[in-house]
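Next comes protein.txt, a file with compact mmCIF, C-alpha atoms.
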```txt
# COMPACT_ATOMS: atom_id res chain seq x y z
CA MET A 1 -5.98 -15.96 -11.31
CA LYS A 2 -5.12 -18.85 -8.96
CA HIS A 3 -1.41 -18.16 -9.60
CA LEU A 4 -1.91 -14.50 -8.59
CA VAL A 5 -3.49 -15.51 -5.29
CA ILE A 6 -0.66 -17.99 -4.58
CA ALA A 7 2.02 -15.39 -5.41
CA PHE A 8 0.30 -12.74 -3.27
CA THR A 9 -0.04 -15.17 -0.35
CA ALA A 10 3.66 -16.08 -0.58
CA LEU A 11 4.63 -12.40 -0.62
CA MET A 12 2.52 -11.65 2.45
CA ALA A 13 3.92 -14.67 4.30
CA ALA A 14 7.48 -13.57 3.53
CA SER A 15 6.71 -10.03 4.70
CA CYS A 16 5.22 -11.28 7.95
CA ALA A 17 8.13 -13.61 8.64
CA THR A 18 10.68 -10.81 8.40
CA PRO A 19 11.20 -8.95 11.69
CA HIS A 20 10.19 -5.32 11.42
CA HIS A 21 11.74 -2.93 13.89
CA HIS A 22 10.14 0.41 14.52
CA GLU A 23 12.48 3.37 14.55
CA GLU A 24 11.77 7.04 15.02
CA PRO A 25 11.29 8.74 11.63
CA ASP A 26 14.48 10.84 12.01
CA ALA A 27 16.51 7.67 12.58
CA GLN A 28 15.16 5.88 9.50
CA GLN A 29 17.58 5.42 6.63
CA ASN A 30 17.62 3.48 3.39
CA GLY A 31 19.46 0.20 3.57
CA ALA A 32 19.06 -3.38 4.69
CA GLY A 33 16.50 -3.70 7.45
CA GLN A 34 15.60 0.00 7.35
CA TYR A 35 12.41 1.80 6.32
CA PRO A 36 12.28 3.04 2.75
CA PRO A 37 11.65 6.77 2.24
CA PRO A 38 8.15 8.20 2.80
CA GLY A 39 5.73 7.60 -0.05
CA SER A 40 4.97 4.69 -2.36
CA ASN A 41 8.16 2.75 -3.10
CA GLN A 42 7.55 0.38 -6.01
CA VAL A 43 9.24 -3.01 -5.57
CA LEU A 44 7.65 -4.92 -8.46
CA ARG A 45 5.75 -4.15 -11.65
CA ALA A 46 4.89 -7.06 -13.95
CA SER A 47 2.32 -8.06 -16.55
CA VAL A 48 -0.33 -10.57 -15.55
CA THR A 49 0.11 -13.40 -18.04
CA VAL A 50 -3.29 -15.01 -17.37
CA ALA A 51 -5.30 -11.80 -17.88
CA GLU A 52 -4.69 -9.52 -20.86
CA GLY A 53 -4.44 -5.80 -20.14
CA LEU A 54 -3.59 -6.15 -16.44
CA GLU A 55 -0.39 -5.81 -14.47
CA VAL A 56 0.60 -6.16 -10.84
CA ILE A 57 2.27 -3.33 -8.93
CA ILE A 58 3.64 -4.05 -5.46
CA SER A 59 4.79 -1.15 -3.31
CA ASP A 60 6.25 -0.65 0.14
CA VAL A 61 4.28 2.38 1.34
CA VAL A 62 5.42 4.60 4.20
CA ILE A 63 3.14 7.32 5.58
CA PRO A 64 4.93 9.64 8.03
CA PRO A 65 3.31 10.53 11.38
CA HIS A 66 0.27 12.83 11.14
CA THR A 67 0.67 13.14 7.35
CA THR A 68 -2.30 12.92 4.98
CA VAL A 69 -1.73 11.46 1.53
CA PRO A 70 -3.41 13.67 -1.12
CA ARG A 71 -6.88 12.40 -2.16
CA HIS A 72 -6.51 10.07 -5.14
CA TYR A 73 -7.74 6.87 -6.80
CA HIS A 74 -6.29 3.95 -8.77
CA PRO A 75 -7.78 2.32 -11.90
CA GLY A 76 -7.66 -1.17 -10.36
CA GLU A 77 -8.13 -2.89 -7.02
CA GLU A 78 -5.69 -2.23 -4.22
CA PHE A 79 -4.92 -4.86 -1.55
CA LEU A 80 -2.94 -3.73 1.46
CA TYR A 81 -1.37 -5.26 4.53
CA VAL A 82 -0.19 -2.98 7.34
CA LEU A 83 3.28 -3.94 8.60
CA ASP A 84 3.91 -1.29 11.24
CA GLY A 85 2.16 1.60 13.01
CA TYR A 86 -1.32 2.59 11.95
CA ALA A 87 -3.15 4.82 9.53
CA ILE A 88 -6.65 6.20 9.33
CA HIS A 89 -8.14 5.07 6.04
CA VAL A 90 -10.36 7.85 4.66
CA GLU A 91 -12.42 6.66 1.69
CA GLU A 92 -15.28 8.47 -0.04
CA GLY A 93 -18.67 7.16 1.05
CA LYS A 94 -17.33 5.13 3.98
CA ALA A 95 -16.66 5.80 7.66
CA ASP A 96 -13.01 6.44 8.52
CA GLN A 97 -11.29 3.23 9.57
CA ILE A 98 -8.13 2.69 11.63
CA LEU A 99 -5.84 0.12 10.04
CA ARG A 100 -3.20 -1.19 12.46
CA ALA A 101 -0.18 -3.47 12.04
CA GLY A 102 -1.52 -6.88 11.02
CA ASP A 103 -4.68 -5.52 9.39
CA SER A 104 -5.49 -5.96 5.72
CA TYR A 105 -7.93 -4.07 3.54
CA VAL A 106 -9.19 -4.00 -0.06
CA ILE A 107 -9.82 -0.69 -1.83
CA PRO A 108 -12.15 -1.01 -4.84
CA PRO A 109 -11.14 0.35 -8.27
CA ARG A 110 -11.50 4.14 -8.60
CA ALA A 111 -12.42 4.59 -4.91
CA GLU A 112 -11.25 8.05 -3.81
CA HIS A 113 -9.14 7.80 -0.67
CA ALA A 114 -6.67 9.85 1.40
CA PRO A 115 -5.02 7.83 4.18
CA ARG A 116 -3.59 9.66 7.18
CA GLY A 117 -0.64 8.42 9.27
CA GLY A 118 -1.15 7.89 13.00
CA PRO A 119 1.19 9.32 15.69
CA GLU A 120 3.98 6.89 14.71
CA GLY A 121 3.12 6.79 11.01
CA ALA A 122 2.41 3.60 9.10
CA ARG A 123 4.08 1.17 6.75
CA ALA A 124 2.20 -1.21 4.46
CA ILE A 125 2.77 -3.57 1.56
CA VAL A 126 0.34 -2.62 -1.20
CA PHE A 127 -0.53 -5.00 -4.03
CA ARG A 128 -2.36 -3.38 -6.95
CA LEU A 129 -4.11 -5.16 -9.77
CA HIS A 130 -3.55 -2.38 -12.29
CA VAL A 131 -4.99 -1.66 -15.74
CA GLU A 132 -2.05 -1.41 -18.18
CA GLY A 133 -1.71 1.94 -19.91
CA GLU A 134 -3.62 3.91 -17.27
CA ALA A 135 -2.01 6.27 -14.76
CA GLU A 136 -1.00 4.45 -11.58
CA ARG A 137 -2.62 7.14 -9.46
CA THR A 138 -4.95 10.03 -10.26
CA LEU A 139 -5.09 12.97 -7.86
CA VAL A 140 -8.53 14.38 -7.06
CA ASN A 141 -9.04 18.11 -6.66
CA GLU A 142 -10.94 18.87 -3.48
```
Could the structure of this file be written out as structure tokens, please?
Amino acid sequence: MKHLVIAFTALMAASCATPHHHEEPDAQQNGAGQYPPPGSNQVLRASVTVAEGLEVIISDVVIPPHTTVPRHYHPGEEFLYVLDGYAIHVEEGKADQILRAGDSYVIPPRAEHAPRGGPEGARAIVFRLHVEGEAERTLVNE
């Protein structure tokens, strides 16, 4: 587990050290130094060698302005760090919370949530401790 924390810390430090330039959504394109497309863009998926049955999924998540992600949950914990913009984190049983660039947050396993992008949208690095063999995301009917 100590190795996971060290790897996660190194990833976050690298993400923070890289300059992030905000562009209007219409000007965003794939490519070096550009935003990835809207949604959850997986950048790493690997087994956790020190804990059987777990894997790590790291995603670069982009929520467009004023867009709500469909209500869903994940089978494992979700750790996020907001890189740019802000989102309103809407989680069942909790007050809505604004997460701005530089904020971090932990979403417990199976917590139903539906984040909503602010006026400029949001971009975050999301690190999931995922249960192997389970769906990455389960949509919740409202």
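With all atoms listed in the file as the basis for measurement, A:Asp84 is the residue among A:Asp84, A:Glu136, A:Glu112, A:Glu92 that approaches A:Val62 most closely.
Atom CA of A:Gly93 is found 24.5 Å from atom CA of A:Pro65.
Checking A:Arg128, A:Arg116, A:Arg110, A:Arg137 one by one against A:Val69, counting all atoms listed in the file, you find the shortest gap at A:Arg116.
Between atom CA of A:Leu44 and atom CA of A:Ile88 there is a distance of 25.4 Å.
Minimum atom-to-atom distances from A:Asp103, A:Asp60, A:Asn41, A:Glu78 to A:His130 were compared using all atoms listed in the file, and the lowest value belongs to A:Glu78.
Straight-line separation from atom CA of A:Ala111 to atom CA of A:Thr68: 16.4 Å.
Shortest separation to A:His74 among A:His113, A:Val61, A:Ala101, A:Leu54 occurs at residue A:His113, atoms counted being all atoms listed in the file.
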Check your understanding: A:Ala87, A:Leu129, A:Val140, A:Ile58: which is nearest A:Pro75, counting only C-alpha atoms?
Key -> A:Leu129
